[in-house]
Amino acid sequence: MEKFEKITGIVAPMDRANVDTDAIIPKQFLKSIQRSGFGPNLFDEWRYLDVGEPGQDCSQRPLNPDFVLNQPRYQGASILLARENFGCGSSREHAPWALLDDGFRVIIAPSFADIFYNNCFKNSILPIVLDEETVDRLFREVAATEGYELTVDLPAQTITTPGGEEIPFEVDEFRKYCLLNGLDDIGLTLQHVDDIRAYEERRKQEAPWLFETG
Amino acid sequence: MAGKTLYDKLWEQHVVRTQEDGTCLLYIDRQLIHEVTSPQAFEGLRLAGRRPWRATANLATPDHNVPTNPEDRHGGVEAIHDPVSRLQVQTLDRNCEEFAIPEFHINDPRQGIVHVVGPEEGVTLPGMTVVCGDSHTSTHGALGALAHGIGTSEVEHVLATQCLIQAKSKNMRVRVEGRVGPGVTAKDIVLAIIGEIGTAGGTGYAIEFAGQAIRDLSIEGRMTVCNMAIEAGARAGMVAVDEKTIDYVKGRPFAPKPEHWERAVAAWRELHSDDDAVFDREVVIDAAGIQPQVTWGTSPEMVVPVGARVPDPAAEVDPVKAEGMRRALDYMGLAAGTPITEISVDKVFIGSCTNSRIEDLRAAAAVAKGRKVAGNVKQALVVPGSGLVKRQAEEEGLDRVFIEAGFEWREPGCSMCLAMNADRLEPGERCASTSNRNFEGRQGAGGRTHLVSPAMAAAAAVSGRFVDVREL
Ligand code: SF4
């Protein structure tokens, strides 16, 4: 996993509540057996005027000029500003894969759906929860200033606006540690093999039916 | 000290280790695997040179992509037309073989939607922790299990370690008190709950469903309710174990062996919240007030009783919400103020892990019996949740009832719930669906989904529009 420390990037606004994972990456793209290549299909149904199919050359497809991410001013954005309950719906990890593949490393919203939030950390995306008022204000600032950039500093847990204002944010210590070091959870868990074995031995006594094999 | 909730008990029984920051390594008793969210997990194992920790703790079956059309189905995997779908199912087969994961193959009589197959086989049991790379894993909580959906990285993590790194959720209880009226089903109860607390109302919580109306439900009905806990934002939904739970599990192929049965039952009887348990949030809903529900928008919380009208965004005070409503009405092609019963449908889908069990099919068949699918309905599909549900329905003659009424009787799978196979809505088509998500494009790009119970879906099919099933 790629490490995450500090990034400065253009902010793209996604001004709707309850953006679900079907919108982030429509299901026809879930047929891939790979982890990468989902970027061009991020928000596919909003992004293009035609119906997307897997394996298409997206550079030839008609873009929806009204869709916010298609506006020239937001090209190259790496920070997504969103509304409440972002990422609700299915558990598909293809959603963070698509966001990452399209260059997003940070998502800021008043709230996230639980599984999506969790999936972000496993894919070196930092989801940041800020209060509604601050998010509202950022939406206004982004709209008012072309090329609006934020700096997100994970070790310091701050977001810095172009005006120099510092907005603090919360992040779970363990997740922060993994993100900073690009650590793979499986490797970490396997450091506790003895604990897992001991647990299994105890459970086999307490609840042997859980270990039957049908 | 306050007593424990059901969730507290299930959690504590599975903690392997608590990390410094309070997150836990949680032991997973059962993982269900399907073709869509697992290829990258197996690939990860392979790249790291890892083997499954306990292969037989997993069970795989293809469901999302499989054709449900009998002709297409008989040829097995090789006959799946769509090459990308075929590759995904083939990849599942190959991975299960390579890693010795038990699998019900595409034409195994036990194949079906993972969340129908698990309880039906006794593969998911009370007191277990159950995960699957699929958000509707909450379904299994109906048995008094701790069950939730996970992402693909976590699927790989569970394969490799039989554990998950988890932070404990808060406790929430939704009590549906009193009794529902005739014609009001588990689906109506859960849609009414979501209408009340919203799609983010359960975020951060594990929800226990309780109260007279929940206890009155069959285990299958409780599965319908727990299935949609995720649509209320909660990762896990659950119901306490009672005699119905124990009766349900008894005799299933993977149920505890006779020599362990009594001990298992004794342990399961403890799986309820203590009387003095404290919940972080409690919601009480009056069952008697619940009517058959129909969603009108693009989120499950956009739901009203069938006798109501499509709501007006102008009456909503929250501007973000009002904008969401406008967008939903626009997408759904509906005008505010339209009576729900004046909305006609193009297609009807009876199926999905929410409502494709035998009781659901019986309820739909009871309405379809002796009636005909209306002329304006282009297609009405009935897709059983598993091969065994299909067989049972055929033994009861339900297939004949559906076919005579003009429904199509299909092979088991997810089908039009998410339209990854050939079953889908065309742009602008309107569907009465027993599934769980009415998101934009969920059942096909541009498709318009209204979530209802199986009886209400059948009623819509024979009427060509939404009707109150109690008035048929
Ligand atoms: S039936 Fe629908 S919701 Fe259920 S597992 Fe299949 S696709 Fe998911």
# chains A, B, ... in the order shown; residues from 1 in each chain; ligands from 1

$ residues_near_ligand --ligand "ligand 1" --cutoff "10 Å" --atoms "only C-alpha atoms and all ligand atoms" --output "ChimeraX atom specification"
/A:27,89-91 /B:34,36,62-65,112-116,132-137,139,227-228,351-356,383,385,412-420,434-437,442-443

$ interface_residues --of "chain A" --to "chain B" --cutoff "8 Å" --atoms "only C-alpha atoms" --output "number ranges by chain"
A: 16-17, 20, 22-23, 26-28, 30-35, 45, 51, 85, 88-93, 113-115, 119, 122, 173-174, 185-186, 189-190, 195-196, 199, 207-214

$ select_by_dssp --residues "stretch 4-118 of chain A" --states "strand (DSSP E)" --output "ChimeraX atom specification"
/A:6-14,79-82,106-109

$ residues_around --residues "stretch 104-108 of chain A" --least-positions-apart "4" --cutoff "9 Å" --atoms "only C-alpha atoms" --output "list in words"
Phe4, Ile7, Gly76, Ala77, Ser78, Ile79, Leu80, Leu81, Ala82, Arg83, Pro96, Ala98, Leu99, Leu100, Ser124, Ile125, Leu126, Pro127, Ile128, Val129, Leu130, Val135 and Val152 of chain A

$ residues_around --residues "A:Thr158" --least-positions-apart "6" --cutoff "10 Å" --atoms "only C-alpha atoms" --output "VMD selection string"
chain A and resid 6 151 to 152 165 to 170

$ write_last_selection --atoms "C-alpha atoms" --output "PDB file, in the first residue's frame"
ATOM      1  CA  LYS A   6       0.967  15.118   3.254  1.00  0.00           C
ATOM      2  CA  THR A 151      -3.054  20.902   1.998  1.00  0.00           C
ATOM      3  CA  VAL A 152      -3.809  17.828   4.063  1.00  0.00           C
ATOM      4  CA  GLU A 165      -6.396  28.804   7.994  1.00  0.00           C
ATOM      5  CA  GLU A 166      -5.728  25.486   9.729  1.00  0.00           C
ATOM      6  CA  ILE A 167      -8.624  23.092  10.225  1.00  0.00           C
ATOM      7  CA  PRO A 168      -7.891  20.187  12.582  1.00  0.00           C
ATOM      8  CA  PHE A 169      -9.382  16.750  11.976  1.00  0.00           C
ATOM      9  CA  GLU A 170      -9.694  13.500  13.886  1.00  0.00           C
TER      10      GLU A 170
END

$ closest_residue --among "B:Lys369, B:Lys4, B:Arg424, B:Arg400" --to "B:Ala459" --atoms "only C-alpha atoms"
B:Lys369

$ select_by_dssp --residues "stretch 180-211 of chain A" --states "alpha helix (DSSP H)" --output "list in words"
Leu180, Asn181, Asp185, Ile186, Gly187, Leu188, Thr189, Val193, Asp194, Asp195, Ile196, Arg197, Ala198, Tyr199, Glu200, Glu201, Arg202, Arg203, Lys204, Gln205 and Glu206 of chain A

$ write_last_selection --atoms "C-alpha atoms" --output "compact mmCIF listing (two decimals), in the first residue's frame"
# COMPACT_ATOMS: atom_id res chain seq x y z
CA LEU A 180 1.56 6.71 7.39
CA ASN A 181 3.58 3.54 7.05
CA ASP A 185 -3.26 -5.28 7.82
CA ILE A 186 -2.65 -8.96 7.16
CA GLY A 187 1.03 -8.71 7.99
CA LEU A 188 0.14 -6.93 11.23
CA THR A 189 -2.43 -9.52 12.23
CA VAL A 193 -0.64 -15.95 15.32
CA ASP A 194 -0.20 -17.32 18.84
CA ASP A 195 -3.18 -15.38 20.12
CA ILE A 196 -5.34 -16.66 17.27
CA ARG A 197 -4.28 -20.25 17.91
CA ALA A 198 -4.93 -19.92 21.64
CA TYR A 199 -8.36 -18.49 20.96
CA GLU A 200 -9.19 -21.37 18.62
CA GLU A 201 -8.11 -23.95 21.19
CA ARG A 202 -10.31 -22.39 23.84
CA ARG A 203 -13.30 -22.11 21.50
CA LYS A 204 -12.97 -25.70 20.38
CA GLN A 205 -13.62 -26.66 24.00
CA GLU A 206 -16.44 -24.18 24.54

$ closest_residue --among "A:Phe29, A:Phe67, A:Phe38, A:Phe121" --to "A:Leu179" --atoms "only C-alpha atoms"
A:Phe121

$ atom_distance --atom1 "atom CA of B:Val284" --atom2 "atom CA of B:Val180"
14.0 Å

$ closest_residue --among "B:Ala213, B:Met1, B:Leu388, B:Met332" --to "B:Ile358" --atoms "only C-alpha atoms"
B:Leu388
